[in-house]
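A.B. asks: Handing over final01.cif, mmCIF, C-alpha atoms.
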data_coords
loop_
_atom_site.group_PDB
_atom_site.id
_atom_site.type_symbol
_atom_site.label_atom_id
_atom_site.label_comp_id
_atom_site.auth_asym_id
_atom_site.auth_seq_id
_atom_site.Cartn_x
_atom_site.Cartn_y
_atom_site.Cartn_z
ATOM 1 C CA MET A 105 223.526 131.050 260.626
ATOM 2 C CA GLY A 106 224.981 127.518 260.540
ATOM 3 C CA ALA A 107 227.719 125.823 262.469
ATOM 4 C CA ASN A 108 231.371 126.656 261.920
ATOM 5 C CA LEU A 109 232.957 124.049 259.607
ATOM 6 C CA MET A 110 236.213 123.764 261.572
ATOM 7 C CA LYS A 111 234.380 123.319 264.886
ATOM 8 C CA SER A 112 232.002 120.783 263.333
ATOM 9 C CA LEU A 113 234.908 118.688 262.049
ATOM 10 C CA LEU A 114 236.716 118.836 265.392
ATOM 11 C CA ASP A 115 233.488 117.900 267.225
ATOM 12 C CA LYS A 116 233.282 114.787 265.002
ATOM 13 C CA GLY A 117 236.839 113.813 266.011
ATOM 14 C CA LEU A 118 238.434 114.758 262.688
ATOM 15 C CA PRO A 119 241.782 116.558 262.879
ATOM 16 C CA VAL A 120 241.947 120.045 261.393
ATOM 17 C CA ALA A 121 245.327 121.640 260.777
ATOM 18 C CA SER A 122 245.745 125.045 262.393
ATOM 19 C CA SER A 123 248.436 127.067 264.094
ATOM 20 C CA CYS A 124 246.122 129.970 264.986
ATOM 21 C CA ASP A 125 243.341 127.944 266.674
ATOM 22 C CA GLY A 126 240.765 129.114 264.151
ATOM 23 C CA ASP A 127 241.455 132.837 264.396
ATOM 24 C CA GLY A 128 241.678 133.218 260.602
ATOM 25 C CA VAL A 129 245.392 133.963 260.480
ATOM 26 C CA CYS A 130 247.269 130.905 259.189
ATOM 27 C CA GLY A 131 245.067 129.359 256.461
ATOM 28 C CA LYS A 132 246.238 125.840 257.353
ATOM 29 C CA CYS A 133 242.680 124.618 258.005
ATOM 30 C CA LYS A 134 241.904 124.493 254.287
ATOM 31 C CA ILE A 135 239.412 121.801 253.357
ATOM 32 C CA VAL A 136 238.536 120.351 249.936
ATOM 33 C CA ILE A 137 234.820 120.543 249.201
ATOM 34 C CA ILE A 138 233.795 117.331 247.419
ATOM 35 C CA LYS A 139 230.019 117.801 247.437
ATOM 36 C CA GLY A 140 227.599 120.536 248.477
ATOM 37 C CA PRO A 141 229.570 123.774 248.099
ATOM 38 C CA GLU A 142 226.235 125.565 247.749
ATOM 39 C CA ASN A 143 225.499 124.545 251.349
ATOM 40 C CA LEU A 144 228.325 126.683 252.718
ATOM 41 C CA SER A 145 228.400 130.380 253.538
ATOM 42 C CA ARG A 146 229.913 132.782 251.029
ATOM 43 C CA GLU A 147 233.605 133.560 251.397
ATOM 44 C CA ASN A 148 234.214 136.455 253.761
ATOM 45 C CA GLU A 149 237.027 139.018 253.425
ATOM 46 C CA THR A 150 239.362 137.049 255.707
ATOM 47 C CA GLU A 151 238.928 133.864 253.697
ATOM 48 C CA VAL A 152 239.456 135.648 250.378
ATOM 49 C CA PHE A 153 242.644 137.247 251.739
ATOM 50 C CA LEU A 154 244.021 133.950 253.103
ATOM 51 C CA LYS A 155 243.260 132.078 249.884
ATOM 52 C CA GLU A 156 245.001 134.735 247.772
ATOM 53 C CA LYS A 157 247.975 135.053 250.133
ATOM 54 C CA ASN A 158 248.513 131.286 250.359
ATOM 55 C CA GLN A 159 247.524 130.476 246.747
ATOM 56 C CA ILE A 160 244.760 128.126 247.904
ATOM 57 C CA PRO A 161 242.659 126.711 245.030
ATOM 58 C CA ALA A 162 239.056 127.866 244.566
ATOM 59 C CA GLU A 163 237.608 124.418 245.394
ATOM 60 C CA MET A 164 239.085 124.615 248.897
ATOM 61 C CA ARG A 165 237.649 126.546 251.817
ATOM 62 C CA ILE A 166 239.207 127.927 254.977
ATOM 63 C CA SER A 167 237.249 125.901 257.518
ATOM 64 C CA CYS A 168 237.497 128.366 260.407
ATOM 65 C CA GLN A 169 235.855 131.035 258.238
ATOM 66 C CA THR A 170 233.107 128.858 256.747
ATOM 67 C CA GLN A 171 229.598 128.228 258.050
ATOM 68 C CA VAL A 172 227.774 124.988 257.225
ATOM 69 C CA LEU A 173 224.228 125.614 255.988
ATOM 70 C CA GLY A 174 223.378 122.092 254.789
ATOM 71 C CA ASP A 175 224.899 118.754 253.820
ATOM 72 C CA VAL A 176 228.493 118.790 252.564
ATOM 73 C CA THR A 177 231.172 116.203 251.866
ATOM 74 C CA VAL A 178 234.731 117.320 252.550
ATOM 75 C CA ASP A 179 238.282 116.007 252.468
ATOM 76 C CA ALA A 180 241.671 117.310 253.489
ATOM 77 C CA THR A 181 245.135 116.823 252.070
ATOM 78 C CA TYR A 182 246.347 115.644 255.495
ATOM 79 C CA TRP A 183 243.665 112.986 256.243
#
Could you spell out this file's structure in structure tokens?
C.D. replies:
Amino acid sequence: MGANLMKSLLDKGLPVASSCDGDGVCGKCKIVIIKGPENLSRENETEVFLKEKNQIPAEMRISCQTQVLGDVTVDATYW
């Protein structure tokens, strides 16, 4: 499978909010998908739970739970 979205962003020097270091607990690493959502893995159970619990909009993804399968353009509310 592809690279982890959170790790890919951090490797590029982009800050990613997180208080759980990518363990899928806090949901703070939410990222807005601007282009290419079809190039990301499907939401797993952890991501679905975090999005429901934290009322995160559908167009956002939990970066620590998402695999990159192709080109995507993303943004974050804190960039």
A.B. asks: What do you get, as a list in words, if you spell out every residue that the PyMOL selection byres ((chain A and resi 126) around 12) selects here?
C.D. replies: Asn108, Leu109, Met110, Lys111, Leu114, Val120, Ala121, Ser122, Ser123, Cys124, Asp125, Asp127, Gly128, Val129, Cys130, Gly131, Lys132, Cys133, Lys134, Thr150, Glu151, Ile166, Ser167, Cys168, Gln169 and Thr170 of chain A
A.B. asks: Can you list, as number ranges by chain, every protein, DNA or RNA residue that comes within 7 Å of Ile138 of chain A when you count only C-alpha atoms, leaving out same-chain residues fewer than 2 positions away?
C.D. replies: A: 136, 177-179
A.B. asks: When distances are computed from only C-alpha atoms, which of A:Leu113, A:Ala107, A:Leu144, A:Ile137 shows the smallest separation from Thr181 of chain A?
C.D. replies: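 With only C-alpha atoms as the atom set, the closest residue is A:Ile137.
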A.B. asks: Would you mind reading off the distance between atom CA of Glu156 of chain A and atom CA of Ala180 of chain A, one decimal, in Å?
C.D. replies: 18.6 Å
A.B. asks: Give, as AutoDock Vina command-line options, the centre coordinates and the x, y and z edge lengths in Å to one decimal for an axis-aligned box around all listed atoms of segment 152-157 of chain A, padded by 3 Å on each side.
C.D. replies:
--center_x 243.7 --center_y 134.7 --center_z 250.4 --size_x 14.5 --size_y 11.2 --size_z 11.3
A.B. asks: Quick check, in Å to one decimal: how far apart do atom CA of Gly174 of chain A and atom CA of Gly106 of chain A lie?
C.D. replies: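 Going from atom CA of Gly174 of chain A over to atom CA of Gly106 of chain A, I get 8.1 Å.
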